[in-house]
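Q: Below you'll find the structure I mean.
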Amino acid sequence: MRAFLLPGYDSWVRYLELPGSAPTHVYLAGLGSAATADFPALVTSPALRGRRSLLIDLVGTGWSDPAESFGYTIEEHADAVAAVLDSHDLRDSVVVGHSLGGSVAIALAFRRPDLVSRLVVCEPNLDPGIGTLSRHIANQSEHAFVSRGYDALRAVVDRDERAAGFSVFHATTGRWSPRGMYLTSVSLLADRTPTFRTQLAGLAKPRAILVGARSTYLDLTGLVPAGVTVLHVPDAGHVMTYDNPQGFAATIAAATASATSDEPRDLSQAVRAGDSA
């Protein structure tokens with residue numbers, strides 16, 4: 001694990017770096033998750049093995065420190081990721097983001113196009129007000145969530161994961177700053193101009209969007225005509241990292257390969273994908 005002291009904040013951003021060939025792949029996780037927990041099995045799978053990879057925990061999540069002066073907007077998260085990449089003098093990386101991480105990846109590519117050669121976003125939040133976990137959090141006041149809602153959320157996650165014989169998400173939610181989780185959720189749902197959908201559609205670089213084959217709904221209007229490739233992750237819902245990790249890894253690899261095409265492609269069947277974070 002490596003650490004980078006974020007300029008202007010008393011916060012170390014921590015990340016895993018796996019050696020391999022260029023271009024570097026950068027991974028960003030969803031709300032309540034951590035890239036350092038979600039992605040190691042994927043990047044070492046046969047489909048993705050051998051690529052240099054940075055698995056970056058966002059500020060106030062996973063192994064990265066919270067920061068009192070950090071605003072936890074999606075744009076600030078993107079700028080923090082950019083600072084990590086700048087510290088390595090990295091340009092033209094392949095950036096892969098799941099859910100919240102997909103929205104951060106879109107913002108990163110929009111704000112710093114020099115850092116991103118290809119973009120793979122996996123059921124990101126695209127429009128204001130659209131989300132499930134984020135909406136549950138943002139519907140509370142900051143005080144209510146920090147003082148009560150965060151612990152209540154973790155109790156529900158613990159109950160559900162114990163019933164499923166699974167506990168990773170409970171562990172990673174416990175490494176989120178409660179204030180950071182609240183403010184990030186508010187920002188994720190906020191009105192912004194242009195929207196993440198418009199940003200994604202307008203980027204002048206290869207882009208792919210991944211959707212879980214068992215997910216229920218994601219509006220992909222306007223993306224294929226704008227040149228965004230659509231791919232299904234088989235046997236997976238929104239939490240594709242754990243629903244089908246090998247299938248998810250293979251689909252990321254396919255998205256990276258298909259991103260070289262000049263033609264927009266919809267490779268899914270009547271896509272209806274899962275609600276985002």
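Following the order of the structure tokens, chains are lettered A, B, ..., residues in each are numbered from 1, and ligands are numbered from 1.
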Near region 133-144 of chain A, within 7 Å and counting only C-alpha atoms, which residues show up once chain neighbours fewer than 6 positions away are dropped, as a count of residues only?
A: 4
Q: Running DSSP on the backbone, which parts of region 29-214 of chain A land in helix (DSSP H, G or I), as number ranges by chain?
A: A: 35-38, 40-43, 74-87, 100-111, 113-115, 133-138, 142-164, 168-173, 178-189, 196-202
Q: Using only C-alpha atoms, find the one residue out of A:Ala22, A:Ala255, A:Leu210, A:Met181 that sits nearest to His238 (chain A).
A: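 Closest residue, counting only C-alpha atoms: A:Leu210.
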Q: Find the residues near Ala37 (chain A): any atom within 8 Å, counting only C-alpha atoms, skip ones fewer than 6 places away on the same chain, and give them as a PyMOL selection string.
A: chain A and resi 62+168+172
Q: Taking 6 positions as the minimum chain separation for residues in the same chain, which residues sit within 8 Å of region 9-12 of chain A when counting only C-alpha atoms? Answer as a list in words.
A: Ala3, Val59, Ser64, Asp65, Pro66, Ala67, Ser69 and Phe70 of chain A
